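Each remark here refers to the structure printed beneath this line.
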Amino acid sequence: MERYLIGIDVGTGSARAGVFDATGAALGTGKSDIAMHRPDGVIAEQSSAQVWDAVCTATRAAVAQAGIEPAHVAGIGFDATCSLVVVGDTPLGVGDPAHPDRDIIVWMDHRAVDQAARINAGGHDVLRYVGGRISPEMETPKLLWLRENRPQVFDAARHFFDLTDFLTWKATDSTARSTCTVTCKWTYLAHEADGTRITSTPSAWACWRTKGSPASAPRSCRPPRRWARA
């Protein structure tokens, strides 16, 4: 039986999907636009529900164009921007409380400039692995901004996802995180890991809240590979 692969890329303004055979030949593609709330040059927010709908729409279009049976898909791969998705038991907006559907801080959002500057001023050893300075477009400053400016949202969150990991969670119901995303964007030191899958504990989250951010916390508080709130 012929087997196929689907690649899905979520960019700033759209979700794209492609169907490929085992040799890498493209058989079908699809695209669906994603809206953004961009009131000024600082804030950029999106809806995770709309992003997922766009992914599904693009994927269905690609599969239809390829003319394959969905049951013959052997695997799906996701790629996405460095955007922070906040997931709770109910929708948790990252900005205006009147819009709880806007639960993504987009990569280009610069609300956390002050938080990034304070993290950098701390001179933590982990900064050596992000070029010496952390960007406000990475997830750690965004988390600190939420903790300081939207504490009710921070406390109500069940998961903080990188957008790529949010997509894999939606597709598989697994909260396992990509080593690539948590290393490149969340200050997790993957080279120090022992290779096991670890789940964060309540004490680790308490330590985060006490110390202020993952980058400023002691090594025992750094986020583990499998980053699911206990």
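Letters A, B, ... go to the chains of the structure tokens in the order shown; residues in each chain start at 1; ligands are counted from 1 in the same order.
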Among range 7-199 of chain A, which ones does DSSP assign to strand (DSSP E or B) (computed from the backbone)? Answer as a PyMOL selection string. chain A and resi 7-10+14-20+26-33+37+45-46+73-80+84-88+104-105+157-162+199
Please list as a PDB file with C-alpha atoms, in the first residue's frame every residue within 10 Å of Ala62 in chain A, counting only C-alpha atoms and excluding residues in the same chain fewer than 6 positions away.
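The result, written out as out_1.pdb:
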```
ATOM      1  CA  ILE A   6       1.922  15.666   5.068  1.00  0.00           C
ATOM      2  CA  GLY A   7       3.980  18.734   5.918  1.00  0.00           C
ATOM      3  CA  ARG A  16       0.089  25.837   4.265  1.00  0.00           C
ATOM      4  CA  ALA A  17      -0.055  22.089   3.829  1.00  0.00           C
ATOM      5  CA  GLY A  18       1.602  19.752   1.357  1.00  0.00           C
ATOM      6  CA  VAL A  19       1.140  16.080   0.567  1.00  0.00           C
ATOM      7  CA  PHE A  20       4.228  14.130  -0.497  1.00  0.00           C
ATOM      8  CA  ALA A  26       4.742  16.982  -3.986  1.00  0.00           C
ATOM      9  CA  LEU A  27       1.285  15.695  -4.888  1.00  0.00           C
ATOM     10  CA  GLY A  28      -0.969  18.422  -3.528  1.00  0.00           C
ATOM     11  CA  THR A  29      -0.938  21.707  -1.622  1.00  0.00           C
ATOM     12  CA  GLY A  30      -3.401  23.851   0.283  1.00  0.00           C
ATOM     13  CA  LYS A  31      -3.437  27.259   1.964  1.00  0.00           C
ATOM     14  CA  CYS A  56      -7.470  21.728   8.895  1.00  0.00           C
ATOM     15  CA  ILE A  68      -5.201  10.166  -1.835  1.00  0.00           C
TER      16      ILE A  68
END
```
Leaving out Gly93 in chain A and any residue of its chain fewer than 5 positions from it, which residues lie within 7 Å of it when counting only C-alpha atoms, given as JSON, numbers by chain? {"A": [99, 100, 101, 102, 103]}
note - CA of Cys184 in chain A and CA of Leu5 in chain A are separated by 25.6 Å
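Counting only C-alpha atoms, the residue from A:Val94, A:Ala121, A:Val130, A:Val182 that sits nearest to Val153 in chain A is A:Val94.
When only C-alpha atoms are used to compute distances to Ala61 in chain A, the closest of the residues A:Val42, A:Ala116, A:Val126, A:Ala15 turns out to be A:Ala15.
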Pick out each residue of range 4-212 of chain A that DSSP on the backbone tags as helix (DSSP H, G or I); I need them as a VMD selection string. chain A and resid 48 to 66 70 to 72 113 to 121 125 to 130 139 to 149 151 to 156 163 to 172 179 to 185 190 to 192 202 to 211
Would you save the residues from that selection as a PDB file, in the first residue's frame, using C-alpha atoms?
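Ended up saving to result-v7.pdb:
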```
ATOM      1  CA  SER A  48      -5.473  29.420  18.301  1.00  0.00           C
ATOM      2  CA  ALA A  49      -8.932  28.215  17.297  1.00  0.00           C
ATOM      3  CA  GLN A  50      -8.676  30.050  13.994  1.00  0.00           C
ATOM      4  CA  VAL A  51      -5.115  28.832  13.436  1.00  0.00           C
ATOM      5  CA  TRP A  52      -6.251  25.223  13.923  1.00  0.00           C
ATOM      6  CA  ASP A  53      -9.209  25.746  11.594  1.00  0.00           C
ATOM      7  CA  ALA A  54      -6.812  27.134   8.969  1.00  0.00           C
ATOM      8  CA  VAL A  55      -4.530  24.098   9.378  1.00  0.00           C
ATOM      9  CA  CYS A  56      -7.470  21.728   8.895  1.00  0.00           C
ATOM     10  CA  THR A  57      -8.752  23.655   5.874  1.00  0.00           C
ATOM     11  CA  ALA A  58      -5.335  23.717   4.206  1.00  0.00           C
ATOM     12  CA  THR A  59      -4.755  20.024   4.927  1.00  0.00           C
ATOM     13  CA  ARG A  60      -8.110  18.961   3.495  1.00  0.00           C
ATOM     14  CA  ALA A  61      -7.413  20.990   0.347  1.00  0.00           C
ATOM     15  CA  ALA A  62      -3.977  19.398  -0.060  1.00  0.00           C
ATOM     16  CA  VAL A  63      -5.334  15.870   0.419  1.00  0.00           C
ATOM     17  CA  ALA A  64      -8.153  16.526  -2.051  1.00  0.00           C
ATOM     18  CA  GLN A  65      -5.747  17.874  -4.663  1.00  0.00           C
ATOM     19  CA  ALA A  66      -3.429  14.901  -4.173  1.00  0.00           C
ATOM     20  CA  PRO A  70      -6.455   9.961   4.314  1.00  0.00           C
ATOM     21  CA  ALA A  71      -5.966   6.494   5.824  1.00  0.00           C
ATOM     22  CA  HIS A  72      -2.825   6.125   3.697  1.00  0.00           C
ATOM     23  CA  VAL A 113      10.758  44.474  25.686  1.00  0.00           C
ATOM     24  CA  ASP A 114      11.179  45.516  29.329  1.00  0.00           C
ATOM     25  CA  GLN A 115      11.029  41.912  30.539  1.00  0.00           C
ATOM     26  CA  ALA A 116      13.667  40.869  28.003  1.00  0.00           C
ATOM     27  CA  ALA A 117      15.935  43.718  29.126  1.00  0.00           C
ATOM     28  CA  ARG A 118      15.641  42.668  32.776  1.00  0.00           C
ATOM     29  CA  ILE A 119      16.362  39.037  31.946  1.00  0.00           C
ATOM     30  CA  ASN A 120      19.415  40.073  29.953  1.00  0.00           C
ATOM     31  CA  ALA A 121      20.613  42.330  32.773  1.00  0.00           C
ATOM     32  CA  ASP A 125      24.446  31.469  32.335  1.00  0.00           C
ATOM     33  CA  VAL A 126      21.610  30.226  30.098  1.00  0.00           C
ATOM     34  CA  LEU A 127      21.960  33.370  27.964  1.00  0.00           C
ATOM     35  CA  ARG A 128      25.179  31.928  26.534  1.00  0.00           C
ATOM     36  CA  TYR A 129      23.011  29.532  24.551  1.00  0.00           C
ATOM     37  CA  VAL A 130      20.818  32.196  22.941  1.00  0.00           C
ATOM     38  CA  GLU A 139       8.843  32.816  24.864  1.00  0.00           C
ATOM     39  CA  THR A 140      10.543  33.513  28.200  1.00  0.00           C
ATOM     40  CA  PRO A 141       9.997  37.316  28.196  1.00  0.00           C
ATOM     41  CA  LYS A 142       6.414  36.792  27.008  1.00  0.00           C
ATOM     42  CA  LEU A 143       5.740  34.454  29.934  1.00  0.00           C
ATOM     43  CA  LEU A 144       7.164  36.988  32.362  1.00  0.00           C
ATOM     44  CA  TRP A 145       4.994  39.724  30.813  1.00  0.00           C
ATOM     45  CA  LEU A 146       1.906  37.586  31.336  1.00  0.00           C
ATOM     46  CA  ARG A 147       2.852  36.859  34.925  1.00  0.00           C
ATOM     47  CA  GLU A 148       3.312  40.551  35.683  1.00  0.00           C
ATOM     48  CA  ASN A 149       0.525  42.079  33.592  1.00  0.00           C
ATOM     49  CA  PRO A 151      -1.626  37.291  36.485  1.00  0.00           C
ATOM     50  CA  GLN A 152      -5.148  35.910  36.330  1.00  0.00           C
ATOM     51  CA  VAL A 153      -4.437  34.523  32.854  1.00  0.00           C
ATOM     52  CA  PHE A 154      -1.054  33.165  33.915  1.00  0.00           C
ATOM     53  CA  ASP A 155      -2.550  31.396  36.937  1.00  0.00           C
ATOM     54  CA  ALA A 156      -5.490  29.961  34.974  1.00  0.00           C
ATOM     55  CA  LEU A 163       2.819  27.222  18.394  1.00  0.00           C
ATOM     56  CA  THR A 164       4.464  24.161  16.831  1.00  0.00           C
ATOM     57  CA  ASP A 165       3.865  22.116  19.972  1.00  0.00           C
ATOM     58  CA  PHE A 166       0.299  23.391  20.200  1.00  0.00           C
ATOM     59  CA  LEU A 167      -0.347  21.984  16.728  1.00  0.00           C
ATOM     60  CA  THR A 168       1.080  18.569  17.605  1.00  0.00           C
ATOM     61  CA  TRP A 169      -1.023  18.566  20.785  1.00  0.00           C
ATOM     62  CA  LYS A 170      -4.161  19.325  18.787  1.00  0.00           C
ATOM     63  CA  ALA A 171      -3.323  16.574  16.308  1.00  0.00           C
ATOM     64  CA  THR A 172      -2.296  13.884  18.802  1.00  0.00           C
ATOM     65  CA  THR A 179      13.367  19.549  21.961  1.00  0.00           C
ATOM     66  CA  CYS A 180      14.055  22.010  19.141  1.00  0.00           C
ATOM     67  CA  THR A 181      11.369  24.487  20.225  1.00  0.00           C
ATOM     68  CA  VAL A 182      12.094  24.442  23.965  1.00  0.00           C
ATOM     69  CA  THR A 183      15.840  24.732  23.350  1.00  0.00           C
ATOM     70  CA  CYS A 184      15.734  27.504  20.757  1.00  0.00           C
ATOM     71  CA  LYS A 185      12.872  29.545  22.209  1.00  0.00           C
ATOM     72  CA  ALA A 190      18.750  20.148  26.041  1.00  0.00           C
ATOM     73  CA  HIS A 191      22.413  19.134  26.080  1.00  0.00           C
ATOM     74  CA  GLU A 192      22.198  18.737  29.865  1.00  0.00           C
ATOM     75  CA  PRO A 202       3.915  21.799  41.039  1.00  0.00           C
ATOM     76  CA  SER A 203       7.105  22.652  42.923  1.00  0.00           C
ATOM     77  CA  ALA A 204       8.781  23.659  39.666  1.00  0.00           C
ATOM     78  CA  TRP A 205       5.906  25.993  38.843  1.00  0.00           C
ATOM     79  CA  ALA A 206       6.020  27.433  42.352  1.00  0.00           C
ATOM     80  CA  CYS A 207       9.730  28.014  41.893  1.00  0.00           C
ATOM     81  CA  TRP A 208       9.035  29.842  38.625  1.00  0.00           C
ATOM     82  CA  ARG A 209       6.597  32.153  40.332  1.00  0.00           C
ATOM     83  CA  THR A 210       9.010  32.793  43.184  1.00  0.00           C
ATOM     84  CA  LYS A 211      12.047  33.442  41.006  1.00  0.00           C
TER      85      LYS A 211
END
```
As a PyMOL selection string, please: the residues near Phe160 in chain A (cut-off 7 Å, only C-alpha atoms, same-chain neighbours under 5 positions excluded). chain A and resi 84-87
Distance in Å - CA of Ile43 in chain A versus CA of Ser83 in chain A: 12.4 Å
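With distances restricted to only C-alpha atoms, A:Asp21 is the closest residue to Val73 in chain A from A:Glu137, A:Glu45, A:Asp109, A:Asp21.
With only C-alpha atoms as the atoms that count, the residue of A:Ala74, A:Val106, A:Ala35, A:Leu189 with the shortest distance to Met1 in chain A is A:Ala74.
Separating CA of Met138 in chain A from CA of Phe161 in chain A is a distance of 12.1 Å.
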